[in-house]
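*Asks:* Once you've had a glance at the structure underneath, I'll fire off some questions.
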Amino acid sequence: MSELSQIVLMTMSALSKVVDRMTTRSLVHRKQDIGDQRRVLVYISDFGLELLARCESHLSPVQASLESRLNPDDAAQLNGLLRKLNGQQSAV
């Protein structure tokens, strides 16, 4: 959870509440690390993956609209930043 809180820029207490709500909605699973009982591991569920895919299909047209308003260099920079935020390696 501490690693995740750093990635999403949230305090541990705020993230814990969000993960609790996501667990209640079956979006993620929380599991204690067998090797280190102090660690809590969070996994996205199949339902969470389906919801993420639906959200991404709605966001792609928005991203394309934003990129169409920019010059090619700025659009490439935007694309790279969005990929970085999404945890993917930039294609730029």
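Chain labels follow the order of the structure tokens: the first chain is A, the next B, and so on; residue numbering restarts at 1 in every chain, and ligands are counted from 1 in their shown order.
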Determine, counting only C-alpha atoms, which protein, DNA and RNA residues have an atom within 10 Å of an atom of region 1-5 of chain A; residues of the same chain fewer than 6 positions away are not included. Present the result as a ChimeraX atom specification.
*Replies:* /A:11-16,19,30,39-42
*Asks:* Would you write out those residues with all heavy atoms, as a short mmCIF file (atom, residue, chain, number, x, y, z; two decimals), in the first residue's frame?
*Replies:*
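Generated file (again09.cif):
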data_model
loop_
_atom_site.label_atom_id
_atom_site.label_comp_id
_atom_site.auth_asym_id
_atom_site.auth_seq_id
_atom_site.Cartn_x
_atom_site.Cartn_y
_atom_site.Cartn_z
N THR A 11 -2.28 10.00 0.56
CA THR A 11 -1.83 9.54 1.86
C THR A 11 -2.28 8.10 2.06
O THR A 11 -3.24 7.65 1.42
CB THR A 11 -2.40 10.41 3.00
OG1 THR A 11 -3.82 10.25 3.02
CG2 THR A 11 -2.01 11.87 2.84
N MET A 12 -1.60 7.40 2.96
CA MET A 12 -1.96 6.01 3.22
C MET A 12 -3.41 5.89 3.71
O MET A 12 -4.13 4.99 3.29
CB MET A 12 -1.01 5.40 4.25
CG MET A 12 0.38 5.13 3.73
SD MET A 12 0.45 3.63 2.76
CE MET A 12 0.15 2.43 4.04
N SER A 13 -3.83 6.79 4.59
CA SER A 13 -5.19 6.71 5.12
C SER A 13 -6.23 6.95 4.04
O SER A 13 -7.25 6.24 3.97
CB SER A 13 -5.38 7.68 6.29
OG SER A 13 -5.18 9.00 5.88
N ALA A 14 -6.00 7.93 3.17
CA ALA A 14 -6.95 8.20 2.09
C ALA A 14 -6.99 7.03 1.11
O ALA A 14 -8.07 6.61 0.67
CB ALA A 14 -6.57 9.49 1.37
N LEU A 15 -5.82 6.50 0.77
CA LEU A 15 -5.76 5.37 -0.16
C LEU A 15 -6.45 4.15 0.44
O LEU A 15 -7.18 3.44 -0.26
CB LEU A 15 -4.31 5.03 -0.50
CG LEU A 15 -4.12 3.81 -1.40
CD1 LEU A 15 -4.79 4.02 -2.75
CD2 LEU A 15 -2.64 3.50 -1.57
N SER A 16 -6.26 3.92 1.72
CA SER A 16 -6.89 2.78 2.38
C SER A 16 -8.41 2.86 2.26
O SER A 16 -9.08 1.86 1.98
CB SER A 16 -6.46 2.73 3.84
OG SER A 16 -6.91 1.54 4.43
N VAL A 19 -9.35 2.07 -1.38
CA VAL A 19 -9.21 0.63 -1.65
C VAL A 19 -10.33 -0.14 -0.95
O VAL A 19 -10.87 -1.10 -1.51
CB VAL A 19 -7.81 0.12 -1.26
CG1 VAL A 19 -7.74 -1.40 -1.32
CG2 VAL A 19 -6.75 0.73 -2.17
N ARG A 30 -7.76 -7.46 -2.04
CA ARG A 30 -6.68 -7.12 -1.12
C ARG A 30 -6.22 -8.43 -0.48
O ARG A 30 -7.03 -9.24 -0.07
CB ARG A 30 -7.21 -6.16 -0.06
CG ARG A 30 -6.17 -5.58 0.82
CD ARG A 30 -6.80 -4.79 1.94
NE ARG A 30 -7.63 -3.72 1.47
CZ ARG A 30 -7.74 -2.55 2.06
NH1 ARG A 30 -7.08 -2.30 3.16
NH2 ARG A 30 -8.53 -1.63 1.58
N ARG A 39 2.95 -6.30 4.79
CA ARG A 39 2.57 -5.79 3.47
C ARG A 39 1.18 -6.25 3.08
O ARG A 39 0.79 -7.38 3.34
CB ARG A 39 3.56 -6.26 2.41
CG ARG A 39 4.88 -5.59 2.48
CD ARG A 39 5.78 -6.06 1.39
NE ARG A 39 5.12 -5.82 0.10
CZ ARG A 39 5.75 -5.72 -1.05
NH1 ARG A 39 7.05 -5.83 -1.09
NH2 ARG A 39 5.10 -5.51 -2.16
N VAL A 40 0.45 -5.36 2.42
CA VAL A 40 -0.85 -5.69 1.85
C VAL A 40 -0.72 -5.51 0.35
O VAL A 40 -0.28 -4.47 -0.13
CB VAL A 40 -1.96 -4.78 2.41
CG1 VAL A 40 -3.28 -5.03 1.70
CG2 VAL A 40 -2.11 -4.99 3.91
N LEU A 41 -1.10 -6.53 -0.39
CA LEU A 41 -1.04 -6.50 -1.85
C LEU A 41 -2.44 -6.23 -2.39
O LEU A 41 -3.43 -6.73 -1.86
CB LEU A 41 -0.49 -7.82 -2.39
CG LEU A 41 0.85 -8.26 -1.80
CD1 LEU A 41 1.22 -9.65 -2.30
CD2 LEU A 41 1.93 -7.27 -2.12
N VAL A 42 -2.51 -5.43 -3.44
CA VAL A 42 -3.80 -5.09 -4.05
C VAL A 42 -3.75 -5.53 -5.51
O VAL A 42 -2.82 -5.20 -6.24
CB VAL A 42 -4.07 -3.57 -3.96
CG1 VAL A 42 -5.40 -3.22 -4.62
CG2 VAL A 42 -4.06 -3.11 -2.51
#
*Asks:* Mind checking DSSP for chain A and telling me the alpha helix (DSSP H) residues as a PyMOL selection string?
*Replies:* chain A and resi 2-8+12-24+46-68+72-85
*Asks:* As a ChimeraX atom specification, which residues of region 19-85 of chain A does DSSP assign to strand (DSSP E or B)?
*Replies:* /A:28-32,40-44
*Asks:* Those same residues, written as a PDB file, in the first residue's frame with N, CA and C atoms?
*Replies:*
ATOM      1  N   VAL A  28     -11.237  -4.514  -6.863  1.00  0.00           N
ATOM      2  CA  VAL A  28      -9.912  -5.009  -6.507  1.00  0.00           C
ATOM      3  C   VAL A  28     -10.035  -6.057  -5.411  1.00  0.00           C
ATOM      4  N   HIS A  29      -8.954  -6.826  -5.252  1.00  0.00           N
ATOM      5  CA  HIS A  29      -8.821  -7.779  -4.158  1.00  0.00           C
ATOM      6  C   HIS A  29      -7.629  -7.347  -3.325  1.00  0.00           C
ATOM      7  N   ARG A  30      -7.761  -7.457  -2.041  1.00  0.00           N
ATOM      8  CA  ARG A  30      -6.679  -7.120  -1.121  1.00  0.00           C
ATOM      9  C   ARG A  30      -6.217  -8.428  -0.477  1.00  0.00           C
ATOM     10  N   LYS A  31      -4.893  -8.607  -0.405  1.00  0.00           N
ATOM     11  CA  LYS A  31      -4.350  -9.846   0.134  1.00  0.00           C
ATOM     12  C   LYS A  31      -3.080  -9.529   0.920  1.00  0.00           C
ATOM     13  N   GLN A  32      -2.932 -10.179   2.077  1.00  0.00           N
ATOM     14  CA  GLN A  32      -1.723  -9.984   2.865  1.00  0.00           C
ATOM     15  C   GLN A  32      -0.587 -10.760   2.216  1.00  0.00           C
ATOM     16  N   VAL A  40       0.449  -5.362   2.424  1.00  0.00           N
ATOM     17  CA  VAL A  40      -0.855  -5.690   1.850  1.00  0.00           C
ATOM     18  C   VAL A  40      -0.724  -5.511   0.349  1.00  0.00           C
ATOM     19  N   LEU A  41      -1.100  -6.534  -0.386  1.00  0.00           N
ATOM     20  CA  LEU A  41      -1.036  -6.496  -1.846  1.00  0.00           C
ATOM     21  C   LEU A  41      -2.437  -6.229  -2.389  1.00  0.00           C
ATOM     22  N   VAL A  42      -2.514  -5.430  -3.439  1.00  0.00           N
ATOM     23  CA  VAL A  42      -3.799  -5.091  -4.051  1.00  0.00           C
ATOM     24  C   VAL A  42      -3.753  -5.533  -5.507  1.00  0.00           C
ATOM     25  N   TYR A  43      -4.757  -6.311  -5.900  1.00  0.00           N
ATOM     26  CA  TYR A  43      -4.862  -6.827  -7.263  1.00  0.00           C
ATOM     27  C   TYR A  43      -6.165  -6.379  -7.883  1.00  0.00           C
ATOM     28  N   ILE A  44      -6.128  -6.022  -9.149  1.00  0.00           N
ATOM     29  CA  ILE A  44      -7.361  -5.663  -9.841  1.00  0.00           C
ATOM     30  C   ILE A  44      -8.134  -6.945 -10.154  1.00  0.00           C
TER      31      ILE A  44
END
*Asks:* Can you tell me which residues surround region 47-61 of chain A at a distance of at most 9 Å, considering only C-alpha atoms, apart from same-chain residues fewer than 3 positions away, and format the answer as a count of residues only?
*Replies:* 9
